[in-house]
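The block underneath contains the structure these notes are about, expressed in structure tokens.
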Amino acid sequence: MTGTGTDAAARAAATGTLEARNLVKDFRLRSGLRASTLHAVKDVSFTLERGRTIALVGESGSGKSTIARMIAKLEHPSSGSILLDGVPSATRGRALEAYRREVQMVFQDPFASLNPFHTIRHHIERPIRIHHPQLSGAEVRARALQLLERVRLTPAATFADRRPHELSGGQRQRVAIARALAPGARFIVADEPVSMLDVSIRLGVLNLLADLQREQGLGVLYITHDLATARHFSDEILVMYRGDIVERGASDDVILNARHEYTRSLRQAAADPERLGALRDEVRRASAGAGQRTPAS
Ligand code: ADP
Ligand code: MG
């Protein structure tokens, strides 16, 4: 390793970074005798720092989830690499386990992502036990309750022994977030985390992610097709179109000075300045009320 490489790695470890470097994903498709290649992700690079949120925005089919799955190590890139704190991440064994501890995913569908047969407690305690085998049973239980409190499912004891069907979509998504935090994650990839929730409770869940990002220095990759929440909740926006990042920059710049035709059309479709103002007010109200939600929320 060169001197500058070592410096870069040391700097990255001090702050904490998750970097996608020239990620490419091709899918081989076969229909009848014809085979073809779908270039789902073409050459995507970005660096997410701890305590920051990057929004990955784009229409359906643009490659967002494929990027999420590669970063969560659910899918191998065709080429390119993923670096944690400047170090290329492993693909197997203990080093992969260590990576998974640090980088966790929250999926779109809170109904499909929790096991209906298990209690909420089980969902949270299991990853704690797997990733921290040195903890005693009592410590695991205490930590699970703390996590439920942290995602504002309070009092935690009243949620711990319920099963997913007894919770609302928003509450389930909070459980999914607690589960992601359970191993000790520093980075969260949230793939359209609120698009299946009632509009009225979306902001509460996004506020929670924002609070965690601030309180714990979590790095969040927020995937969405909603430019308004992308602007409000992220520091940086990457706009994807057909596998490419076509526009990127500080959130306000991307929205206000959209250069790419596609971003302009997204902006027209998704958000106007008035809606952003209204969103801000809603966010304030929702954060004031977070944690005091009834089980129906
Ligand atoms: P987004 O999340 O932005 O909607 P995806 O990453 O899910 O987009 O998909 C990007 C493209 O890759 C789409 O054209 C999709 O059909 C294709 N794709 C995704 N996963 C697979 C797969 N396992 N096999 C073949 N094609 C896939
Ligand atoms: Mg998707």
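Residues in the structure tokens are numbered from 1 in each chain, the chains being A, B, ... in the order shown, and ligands are numbered from 1 in the order shown.
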Could you name the residues that touch range 49-53 of chain A at 10 Å or less, counting only C-alpha atoms, but leaving out those on the same chain fewer than 5 positions away, as a PDB file with C-alpha atoms, in the first residue's frame?
```pdb
ATOM      1  CA  ALA A  12     -11.711   6.982   6.829  1.00  0.00           C
ATOM      2  CA  THR A  15     -14.746   9.226  10.879  1.00  0.00           C
ATOM      3  CA  GLY A  16     -16.207   6.039   9.469  1.00  0.00           C
ATOM      4  CA  THR A  17     -17.082   5.694   5.807  1.00  0.00           C
ATOM      5  CA  LEU A  18     -18.937   3.309   3.590  1.00  0.00           C
ATOM      6  CA  GLU A  19     -17.832   3.639   0.012  1.00  0.00           C
ATOM      7  CA  ASP A  85     -13.514   2.597   6.565  1.00  0.00           C
ATOM      8  CA  ARG A 186     -22.975   2.147  12.019  1.00  0.00           C
ATOM      9  CA  PHE A 187     -24.585   2.275   8.595  1.00  0.00           C
ATOM     10  CA  ILE A 188     -28.150   1.620   7.516  1.00  0.00           C
ATOM     11  CA  VAL A 189     -29.383   1.074   4.000  1.00  0.00           C
ATOM     12  CA  LEU A 209     -34.015   7.665  11.242  1.00  0.00           C
ATOM     13  CA  ALA A 210     -32.926  11.300  11.311  1.00  0.00           C
ATOM     14  CA  LEU A 212     -30.679   8.089  15.108  1.00  0.00           C
ATOM     15  CA  GLN A 213     -28.410   9.553  12.487  1.00  0.00           C
ATOM     16  CA  ARG A 214     -27.766  12.555  14.734  1.00  0.00           C
ATOM     17  CA  GLU A 215     -27.725  10.839  18.128  1.00  0.00           C
ATOM     18  CA  GLN A 216     -25.617   7.860  17.170  1.00  0.00           C
ATOM     19  CA  GLY A 217     -23.726   9.141  14.207  1.00  0.00           C
ATOM     20  CA  LEU A 218     -25.411   6.611  11.984  1.00  0.00           C
ATOM     21  CA  GLY A 219     -24.742   6.805   8.262  1.00  0.00           C
ATOM     22  CA  VAL A 220     -27.982   6.368   6.312  1.00  0.00           C
ATOM     23  CA  LEU A 221     -28.454   5.521   2.659  1.00  0.00           C
ATOM     24  CA  TYR A 222     -32.052   6.558   2.140  1.00  0.00           C
ATOM     25  CA  ALA A 230     -35.002  13.204  -0.008  1.00  0.00           C
ATOM     26  CA  PHE A 233     -33.808  14.270   5.209  1.00  0.00           C
ATOM     27  CA  SER A 234     -30.530  14.032   3.352  1.00  0.00           C
ATOM     28  CA  ASP A 235     -27.299  15.950   3.030  1.00  0.00           C
ATOM     29  CA  GLU A 236     -26.623  14.755  -0.466  1.00  0.00           C
ATOM     30  CA  ILE A 237     -28.819  13.474  -3.280  1.00  0.00           C
TER      31      ILE A 237
END
```
All strand (DSSP E) residues (DSSP, backbone) inside range 176-265 of chain A, as an MDAnalysis selection string: chainID A and resid 187:191 219:224 236:241 244:250
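Our summary of the geometry notes that CA of Ala250 in chain A is positioned 9.0 Å from CA of Arg231 in chain A.
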Using only C-alpha atoms and all ligand atoms, find each residue of chain A with at least one atom at most 7 Å away from an atom of ligand 2; report its shortest atom-to-atom pair and that distance in Å (one decimal), sort the rows by chain and rising residue number, and return the result as a Markdown table.
```
| residue | atom | partner | partner_atom_place_in_ligand_line | distance |
| --- | --- | --- | --- | --- |
| A:Ser60 | CA | ligand 2 | 1 (Mg) | 6.4 |
| A:Gly61 | CA | ligand 2 | 1 (Mg) | 6.8 |
| A:Lys64 | CA | ligand 2 | 1 (Mg) | 5.5 |
| A:Ser65 | CA | ligand 2 | 1 (Mg) | 4.1 |
| A:Asp191 | CA | ligand 2 | 1 (Mg) | 6.7 |
```
Output N, CA, C and O atoms for every residue in the selection just made, as a PDB file, in the first residue's frame.
```pdb
ATOM      1  N   SER A  60     -38.830   3.776 -10.579  1.00  0.00           N
ATOM      2  CA  SER A  60     -38.824   2.327 -10.430  1.00  0.00           C
ATOM      3  C   SER A  60     -38.013   1.687 -11.568  1.00  0.00           C
ATOM      4  O   SER A  60     -38.134   2.098 -12.723  1.00  0.00           O
ATOM      5  N   GLY A  61     -37.151   0.732 -11.229  1.00  0.00           N
ATOM      6  CA  GLY A  61     -36.355   0.050 -12.244  1.00  0.00           C
ATOM      7  C   GLY A  61     -35.026   0.721 -12.542  1.00  0.00           C
ATOM      8  O   GLY A  61     -34.267   0.246 -13.389  1.00  0.00           O
ATOM      9  N   LYS A  64     -31.931   1.151  -7.951  1.00  0.00           N
ATOM     10  CA  LYS A  64     -31.713   1.523  -6.552  1.00  0.00           C
ATOM     11  C   LYS A  64     -31.603   0.303  -5.634  1.00  0.00           C
ATOM     12  O   LYS A  64     -30.675   0.196  -4.838  1.00  0.00           O
ATOM     13  N   SER A  65     -32.579  -0.608  -5.763  1.00  0.00           N
ATOM     14  CA  SER A  65     -32.560  -1.775  -4.864  1.00  0.00           C
ATOM     15  C   SER A  65     -31.362  -2.679  -5.146  1.00  0.00           C
ATOM     16  O   SER A  65     -30.834  -3.321  -4.243  1.00  0.00           O
ATOM     17  N   ASP A 191     -34.238   0.890   2.149  1.00  0.00           N
ATOM     18  CA  ASP A 191     -34.751   0.831   0.777  1.00  0.00           C
ATOM     19  C   ASP A 191     -36.246   1.145   0.766  1.00  0.00           C
ATOM     20  O   ASP A 191     -37.063   0.291   1.074  1.00  0.00           O
TER      21      ASP A 191
END
```
Applying 12 Å and only C-alpha atoms, which residues near Ile82 in chain A remain after dropping the ones on its own chain fewer than 4 positions away? List them as an NGL selection string. :A and (17-24 or 44-48 or 67-73 or 75-77 or 86-91 or 96 or 99 or 103)
Let me see the file: selected residues, C-alpha atoms, as a PDB file, in the first residue's frame.
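Everything below was put into part_7.pdb:
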```
ATOM      1  CA  THR A  17     -17.082   5.694   5.807  1.00  0.00           C
ATOM      2  CA  LEU A  18     -18.937   3.309   3.590  1.00  0.00           C
ATOM      3  CA  GLU A  19     -17.832   3.639   0.012  1.00  0.00           C
ATOM      4  CA  ALA A  20     -19.207   2.204  -3.207  1.00  0.00           C
ATOM      5  CA  ARG A  21     -16.513   2.278  -5.850  1.00  0.00           C
ATOM      6  CA  ASN A  22     -17.410   1.766  -9.497  1.00  0.00           C
ATOM      7  CA  LEU A  23     -20.214  -0.664  -8.727  1.00  0.00           C
ATOM      8  CA  VAL A  24     -21.568  -2.524 -11.730  1.00  0.00           C
ATOM      9  CA  VAL A  44     -21.867   3.889  -9.408  1.00  0.00           C
ATOM     10  CA  SER A  45     -19.567   5.463  -6.842  1.00  0.00           C
ATOM     11  CA  PHE A  46     -20.301   7.361  -3.667  1.00  0.00           C
ATOM     12  CA  THR A  47     -19.031   7.710  -0.132  1.00  0.00           C
ATOM     13  CA  LEU A  48     -21.337   7.765   2.848  1.00  0.00           C
ATOM     14  CA  ILE A  67     -27.327  -1.061  -5.232  1.00  0.00           C
ATOM     15  CA  ALA A  68     -28.895  -1.583  -1.795  1.00  0.00           C
ATOM     16  CA  ARG A  69     -28.575  -5.355  -2.090  1.00  0.00           C
ATOM     17  CA  MET A  70     -24.957  -5.152  -3.189  1.00  0.00           C
ATOM     18  CA  ILE A  71     -24.109  -2.891  -0.268  1.00  0.00           C
ATOM     19  CA  ALA A  72     -25.939  -5.185   2.145  1.00  0.00           C
ATOM     20  CA  LYS A  73     -24.013  -8.099   0.585  1.00  0.00           C
ATOM     21  CA  GLU A  75     -25.889  -9.699  -4.127  1.00  0.00           C
ATOM     22  CA  HIS A  76     -22.404  -9.788  -5.660  1.00  0.00           C
ATOM     23  CA  PRO A  77     -21.399  -6.887  -7.867  1.00  0.00           C
ATOM     24  CA  GLY A  86     -11.361   2.553   3.455  1.00  0.00           C
ATOM     25  CA  VAL A  87     -10.826  -1.210   3.515  1.00  0.00           C
ATOM     26  CA  PRO A  88     -12.253  -3.451   0.770  1.00  0.00           C
ATOM     27  CA  SER A  89     -15.038  -5.475   2.360  1.00  0.00           C
ATOM     28  CA  ALA A  90     -14.927  -9.246   2.543  1.00  0.00           C
ATOM     29  CA  THR A  91     -17.259 -11.626   0.773  1.00  0.00           C
ATOM     30  CA  LEU A  96     -18.168 -10.781   6.208  1.00  0.00           C
ATOM     31  CA  TYR A  99     -19.155  -6.235   7.868  1.00  0.00           C
ATOM     32  CA  VAL A 103     -23.921  -2.384   7.683  1.00  0.00           C
TER      33      VAL A 103
END
```
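Neighbouring residues of Phe117 in chain A at 10 Å or closer, counting only C-alpha atoms and skipping chain neighbours under 6 positions away, are Arg163, Pro164 and His165 of chain A.
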Using only C-alpha atoms and all ligand atoms, what are the residues with an atom within 10 Å of ligand 1, set out as JSON, numbers by chain? {"A": [25, 26, 27, 28, 29, 30, 37, 38, 39, 40, 41, 56, 57, 58, 59, 60, 61, 62, 63, 64, 65, 66, 67, 68, 69, 70, 75, 191, 192, 223, 224, 225, 240, 241, 242, 243]}
Write out as a PyMOL selection string the set of residues from range 73-238 of chain A that DSSP, computed on the backbone, places in helix (DSSP H, G or I). chain A and resi 93-102+120-131+137-150+156-160+164-166+169-181+199-216+227-233
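Going from CA of Arg174 in chain A to CA of Thr154 in chain A covers 11.2 Å.
Distances to Asp253 in chain A were evaluated for A:Leu206, A:Leu266, A:Leu238, A:Ile201 using only C-alpha atoms, and the minimum falls at A:Leu238.
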A straight line from CA of Ala182 in chain A to CA of His232 in chain A spans 26.5 Å
Skipping near chain neighbours, those fewer than 5 positions away, what residues fall within 10 Å of Ala144 in chain A using only C-alpha atoms, listed as a PDB file with N, CA, C and O atoms, in the first residue's frame?
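result_22.pdb, freshly written:
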```
ATOM      1  N   ILE A 120     -41.742  -9.875  18.960  1.00  0.00           N
ATOM      2  CA  ILE A 120     -40.873  -8.735  18.669  1.00  0.00           C
ATOM      3  C   ILE A 120     -39.531  -8.930  19.389  1.00  0.00           C
ATOM      4  O   ILE A 120     -38.457  -8.726  18.824  1.00  0.00           O
ATOM      5  N   ARG A 121     -39.621  -9.379  20.636  1.00  0.00           N
ATOM      6  CA  ARG A 121     -38.413  -9.617  21.431  1.00  0.00           C
ATOM      7  C   ARG A 121     -37.440 -10.550  20.692  1.00  0.00           C
ATOM      8  O   ARG A 121     -36.254 -10.280  20.599  1.00  0.00           O
ATOM      9  N   HIS A 122     -38.009 -11.625  20.135  1.00  0.00           N
ATOM     10  CA  HIS A 122     -37.172 -12.589  19.430  1.00  0.00           C
ATOM     11  C   HIS A 122     -36.433 -11.929  18.255  1.00  0.00           C
ATOM     12  O   HIS A 122     -35.245 -12.188  18.037  1.00  0.00           O
ATOM     13  N   HIS A 123     -37.149 -11.093  17.515  1.00  0.00           N
ATOM     14  CA  HIS A 123     -36.537 -10.441  16.349  1.00  0.00           C
ATOM     15  C   HIS A 123     -35.329  -9.589  16.737  1.00  0.00           C
ATOM     16  O   HIS A 123     -34.401  -9.418  15.951  1.00  0.00           O
ATOM     17  N   ILE A 124     -35.389  -9.000  17.925  1.00  0.00           N
ATOM     18  CA  ILE A 124     -34.313  -8.095  18.334  1.00  0.00           C
ATOM     19  C   ILE A 124     -33.201  -8.856  19.065  1.00  0.00           C
ATOM     20  O   ILE A 124     -32.014  -8.574  18.886  1.00  0.00           O
ATOM     21  N   GLU A 125     -33.617  -9.832  19.878  1.00  0.00           N
ATOM     22  CA  GLU A 125     -32.606 -10.541  20.681  1.00  0.00           C
ATOM     23  C   GLU A 125     -31.713 -11.435  19.820  1.00  0.00           C
ATOM     24  O   GLU A 125     -30.530 -11.601  20.112  1.00  0.00           O
ATOM     25  N   ARG A 126     -32.296 -11.989  18.774  1.00  0.00           N
ATOM     26  CA  ARG A 126     -31.534 -12.939  17.964  1.00  0.00           C
ATOM     27  C   ARG A 126     -30.259 -12.314  17.378  1.00  0.00           C
ATOM     28  O   ARG A 126     -29.167 -12.858  17.570  1.00  0.00           O
ATOM     29  N   PRO A 127     -30.383 -11.181  16.671  1.00  0.00           N
ATOM     30  CA  PRO A 127     -29.125 -10.601  16.153  1.00  0.00           C
ATOM     31  C   PRO A 127     -28.153 -10.167  17.256  1.00  0.00           C
ATOM     32  O   PRO A 127     -26.945 -10.212  17.058  1.00  0.00           O
ATOM     33  N   ILE A 128     -28.688  -9.760  18.404  1.00  0.00           N
ATOM     34  CA  ILE A 128     -27.779  -9.382  19.493  1.00  0.00           C
ATOM     35  C   ILE A 128     -26.981 -10.611  19.918  1.00  0.00           C
ATOM     36  O   ILE A 128     -25.756 -10.561  20.070  1.00  0.00           O
ATOM     37  N   ALA A 138     -29.384 -12.083  30.417  1.00  0.00           N
ATOM     38  CA  ALA A 138     -29.989 -10.877  31.001  1.00  0.00           C
ATOM     39  C   ALA A 138     -29.536  -9.635  30.253  1.00  0.00           C
ATOM     40  O   ALA A 138     -30.325  -8.713  30.001  1.00  0.00           O
ATOM     41  N   GLU A 139     -28.260  -9.607  29.848  1.00  0.00           N
ATOM     42  CA  GLU A 139     -27.749  -8.452  29.102  1.00  0.00           C
ATOM     43  C   GLU A 139     -28.427  -8.341  27.741  1.00  0.00           C
ATOM     44  O   GLU A 139     -28.750  -7.242  27.284  1.00  0.00           O
ATOM     45  N   GLU A 149     -36.930   0.968  23.054  1.00  0.00           N
ATOM     46  CA  GLU A 149     -37.116   2.338  23.538  1.00  0.00           C
ATOM     47  C   GLU A 149     -36.513   3.333  22.552  1.00  0.00           C
ATOM     48  O   GLU A 149     -37.063   4.397  22.292  1.00  0.00           O
ATOM     49  N   ARG A 150     -35.351   2.957  22.040  1.00  0.00           N
ATOM     50  CA  ARG A 150     -34.646   3.877  21.153  1.00  0.00           C
ATOM     51  C   ARG A 150     -35.432   4.145  19.876  1.00  0.00           C
ATOM     52  O   ARG A 150     -35.333   5.223  19.295  1.00  0.00           O
ATOM     53  N   ALA A 156     -41.260  -0.275  26.307  1.00  0.00           N
ATOM     54  CA  ALA A 156     -40.758  -1.402  25.519  1.00  0.00           C
ATOM     55  C   ALA A 156     -41.354  -2.734  25.949  1.00  0.00           C
ATOM     56  O   ALA A 156     -41.658  -3.591  25.116  1.00  0.00           O
ATOM     57  N   ALA A 157     -41.547  -2.893  27.253  1.00  0.00           N
ATOM     58  CA  ALA A 157     -42.031  -4.182  27.750  1.00  0.00           C
ATOM     59  C   ALA A 157     -43.410  -4.526  27.182  1.00  0.00           C
ATOM     60  O   ALA A 157     -43.737  -5.696  27.008  1.00  0.00           O
ATOM     61  N   ALA A 160     -42.590  -5.976  23.611  1.00  0.00           N
ATOM     62  CA  ALA A 160     -41.641  -7.073  23.441  1.00  0.00           C
ATOM     63  C   ALA A 160     -42.307  -8.420  23.198  1.00  0.00           C
ATOM     64  O   ALA A 160     -41.822  -9.216  22.392  1.00  0.00           O
ATOM     65  N   ALA A 178     -34.965  -1.256  14.754  1.00  0.00           N
ATOM     66  CA  ALA A 178     -34.304  -1.740  15.977  1.00  0.00           C
ATOM     67  C   ALA A 178     -33.483  -2.998  15.676  1.00  0.00           C
ATOM     68  O   ALA A 178     -32.359  -3.161  16.164  1.00  0.00           O
ATOM     69  N   ARG A 179     -34.040  -3.860  14.848  1.00  0.00           N
ATOM     70  CA  ARG A 179     -33.317  -5.083  14.481  1.00  0.00           C
ATOM     71  C   ARG A 179     -32.034  -4.761  13.713  1.00  0.00           C
ATOM     72  O   ARG A 179     -31.005  -5.405  13.885  1.00  0.00           O
ATOM     73  N   ALA A 182     -29.506  -3.656  16.147  1.00  0.00           N
ATOM     74  CA  ALA A 182     -29.155  -4.642  17.177  1.00  0.00           C
ATOM     75  C   ALA A 182     -27.722  -5.163  17.102  1.00  0.00           C
ATOM     76  O   ALA A 182     -27.051  -5.296  18.126  1.00  0.00           O
TER      77      ALA A 182
END
```
List the neighbours of Leu153 in chain A out to 8 Å using only C-alpha atoms; skip same-chain residues closer than 5 positions along the sequence, and give me the result as a VMD selection string. chain A and resid 148 159 171 174 291
Just N, CA, C and O atoms for this one: save the residues we selected as an mmCIF file, in the first residue's frame.
```cif
data_model
loop_
_atom_site.group_PDB
_atom_site.id
_atom_site.type_symbol
_atom_site.label_atom_id
_atom_site.label_comp_id
_atom_site.auth_asym_id
_atom_site.auth_seq_id
_atom_site.Cartn_x
_atom_site.Cartn_y
_atom_site.Cartn_z
ATOM 1 N N LEU A 148 -35.786 -1.146 21.698
ATOM 2 C CA LEU A 148 -37.192 -0.824 21.436
ATOM 3 C C LEU A 148 -37.505 0.591 21.923
ATOM 4 O O LEU A 148 -38.254 1.324 21.283
ATOM 5 N N PHE A 159 -44.357 -3.944 24.191
ATOM 6 C CA PHE A 159 -44.225 -4.363 22.795
ATOM 7 C C PHE A 159 -43.477 -5.686 22.655
ATOM 8 O O PHE A 159 -43.692 -6.437 21.703
ATOM 9 N N GLN A 171 -45.184 0.750 13.276
ATOM 10 C CA GLN A 171 -44.519 0.118 14.423
ATOM 11 C C GLN A 171 -43.621 -1.032 13.970
ATOM 12 O O GLN A 171 -42.527 -1.223 14.487
ATOM 13 N N ARG A 174 -40.487 0.282 12.766
ATOM 14 C CA ARG A 174 -39.619 0.645 13.902
ATOM 15 C C ARG A 174 -38.908 -0.594 14.441
ATOM 16 O O ARG A 174 -37.738 -0.533 14.824
ATOM 17 N N GLY A 291 -43.339 8.878 19.667
ATOM 18 C CA GLY A 291 -43.208 8.139 20.911
ATOM 19 C C GLY A 291 -44.499 8.112 21.701
ATOM 20 O O GLY A 291 -44.694 7.288 22.557
#
```
Give me the residues near Arg101 in chain A as number ranges by chain, where near means some atom within 8 Å (using only C-alpha atoms) and where sequence neighbours in that chain fewer than 2 positions away do not count. A: 97-99, 103-104, 131, 183-185
Go ahead and save the picked residues with all heavy atoms, as a PDB file, in the first residue's frame.
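Full text of part_12.pdb as output:
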```
ATOM      1  N   GLU A  97     -19.032 -11.429   8.377  1.00  0.00           N
ATOM      2  CA  GLU A  97     -19.873 -11.262   9.575  1.00  0.00           C
ATOM      3  C   GLU A  97     -19.628  -9.890  10.212  1.00  0.00           C
ATOM      4  O   GLU A  97     -20.563  -9.208  10.627  1.00  0.00           O
ATOM      5  CB  GLU A  97     -19.521 -12.315  10.615  1.00  0.00           C
ATOM      6  CG  GLU A  97     -20.440 -13.492  10.661  1.00  0.00           C
ATOM      7  CD  GLU A  97     -19.908 -14.528  11.633  1.00  0.00           C
ATOM      8  OE1 GLU A  97     -19.656 -14.167  12.797  1.00  0.00           O
ATOM      9  OE2 GLU A  97     -19.715 -15.677  11.209  1.00  0.00           O
ATOM     10  N   ALA A  98     -18.361  -9.530  10.291  1.00  0.00           N
ATOM     11  CA  ALA A  98     -18.017  -8.239  10.896  1.00  0.00           C
ATOM     12  C   ALA A  98     -18.627  -7.100  10.072  1.00  0.00           C
ATOM     13  O   ALA A  98     -19.154  -6.135  10.617  1.00  0.00           O
ATOM     14  CB  ALA A  98     -16.500  -8.080  10.983  1.00  0.00           C
ATOM     15  N   TYR A  99     -18.560  -7.244   8.750  1.00  0.00           N
ATOM     16  CA  TYR A  99     -19.155  -6.235   7.868  1.00  0.00           C
ATOM     17  C   TYR A  99     -20.653  -6.126   8.127  1.00  0.00           C
ATOM     18  O   TYR A  99     -21.212  -5.043   8.239  1.00  0.00           O
ATOM     19  CB  TYR A  99     -18.887  -6.600   6.406  1.00  0.00           C
ATOM     20  CG  TYR A  99     -19.484  -5.628   5.410  1.00  0.00           C
ATOM     21  CD1 TYR A  99     -18.767  -4.523   4.978  1.00  0.00           C
ATOM     22  CD2 TYR A  99     -20.774  -5.827   4.921  1.00  0.00           C
ATOM     23  CE1 TYR A  99     -19.324  -3.628   4.071  1.00  0.00           C
ATOM     24  CE2 TYR A  99     -21.340  -4.938   4.013  1.00  0.00           C
ATOM     25  CZ  TYR A  99     -20.613  -3.844   3.593  1.00  0.00           C
ATOM     26  OH  TYR A  99     -21.170  -2.957   2.698  1.00  0.00           O
ATOM     27  N   VAL A 103     -23.090  -2.887   8.780  1.00  0.00           N
ATOM     28  CA  VAL A 103     -23.921  -2.384   7.683  1.00  0.00           C
ATOM     29  C   VAL A 103     -25.193  -3.223   7.611  1.00  0.00           C
ATOM     30  O   VAL A 103     -25.142  -4.411   7.321  1.00  0.00           O
ATOM     31  CB  VAL A 103     -23.170  -2.478   6.335  1.00  0.00           C
ATOM     32  CG1 VAL A 103     -24.026  -1.909   5.209  1.00  0.00           C
ATOM     33  CG2 VAL A 103     -21.827  -1.758   6.404  1.00  0.00           C
ATOM     34  N   GLN A 104     -26.312  -2.603   7.903  1.00  0.00           N
ATOM     35  CA  GLN A 104     -27.560  -3.340   7.980  1.00  0.00           C
ATOM     36  C   GLN A 104     -28.608  -2.710   7.082  1.00  0.00           C
ATOM     37  O   GLN A 104     -28.533  -1.533   6.741  1.00  0.00           O
ATOM     38  CB  GLN A 104     -28.071  -3.325   9.423  1.00  0.00           C
ATOM     39  CG  GLN A 104     -27.310  -4.286  10.330  1.00  0.00           C
ATOM     40  CD  GLN A 104     -27.841  -5.707  10.217  1.00  0.00           C
ATOM     41  OE1 GLN A 104     -29.046  -5.933  10.187  1.00  0.00           O
ATOM     42  NE2 GLN A 104     -26.931  -6.664  10.143  1.00  0.00           N
ATOM     43  N   HIS A 131     -24.410 -11.724  17.136  1.00  0.00           N
ATOM     44  CA  HIS A 131     -23.250 -10.860  16.929  1.00  0.00           C
ATOM     45  C   HIS A 131     -22.485 -10.568  18.210  1.00  0.00           C
ATOM     46  O   HIS A 131     -21.362 -10.094  18.156  1.00  0.00           O
ATOM     47  CB  HIS A 131     -23.676  -9.553  16.254  1.00  0.00           C
ATOM     48  CG  HIS A 131     -24.074  -9.746  14.816  1.00  0.00           C
ATOM     49  ND1 HIS A 131     -23.142  -9.881  13.809  1.00  0.00           N
ATOM     50  CD2 HIS A 131     -25.288  -9.854  14.211  1.00  0.00           C
ATOM     51  CE1 HIS A 131     -23.766 -10.053  12.651  1.00  0.00           C
ATOM     52  NE2 HIS A 131     -25.073 -10.042  12.869  1.00  0.00           N
ATOM     53  N   PRO A 183     -27.203  -5.465  15.917  1.00  0.00           N
ATOM     54  CA  PRO A 183     -25.817  -5.954  15.880  1.00  0.00           C
ATOM     55  C   PRO A 183     -24.806  -4.869  16.231  1.00  0.00           C
ATOM     56  O   PRO A 183     -23.646  -5.163  16.482  1.00  0.00           O
ATOM     57  CB  PRO A 183     -25.630  -6.403  14.426  1.00  0.00           C
ATOM     58  CG  PRO A 183     -26.986  -6.455  13.829  1.00  0.00           C
ATOM     59  CD  PRO A 183     -27.813  -5.479  14.586  1.00  0.00           C
ATOM     60  N   GLY A 184     -25.232  -3.598  16.217  1.00  0.00           N
ATOM     61  CA  GLY A 184     -24.313  -2.496  16.481  1.00  0.00           C
ATOM     62  C   GLY A 184     -23.984  -1.739  15.210  1.00  0.00           C
ATOM     63  O   GLY A 184     -22.893  -1.192  15.053  1.00  0.00           O
ATOM     64  N   ALA A 185     -24.960  -1.698  14.281  1.00  0.00           N
ATOM     65  CA  ALA A 185     -24.702  -1.111  12.964  1.00  0.00           C
ATOM     66  C   ALA A 185     -24.303   0.363  13.034  1.00  0.00           C
ATOM     67  O   ALA A 185     -24.826   1.124  13.836  1.00  0.00           O
ATOM     68  CB  ALA A 185     -25.943  -1.251  12.082  1.00  0.00           C
TER      69      ALA A 185
END
```
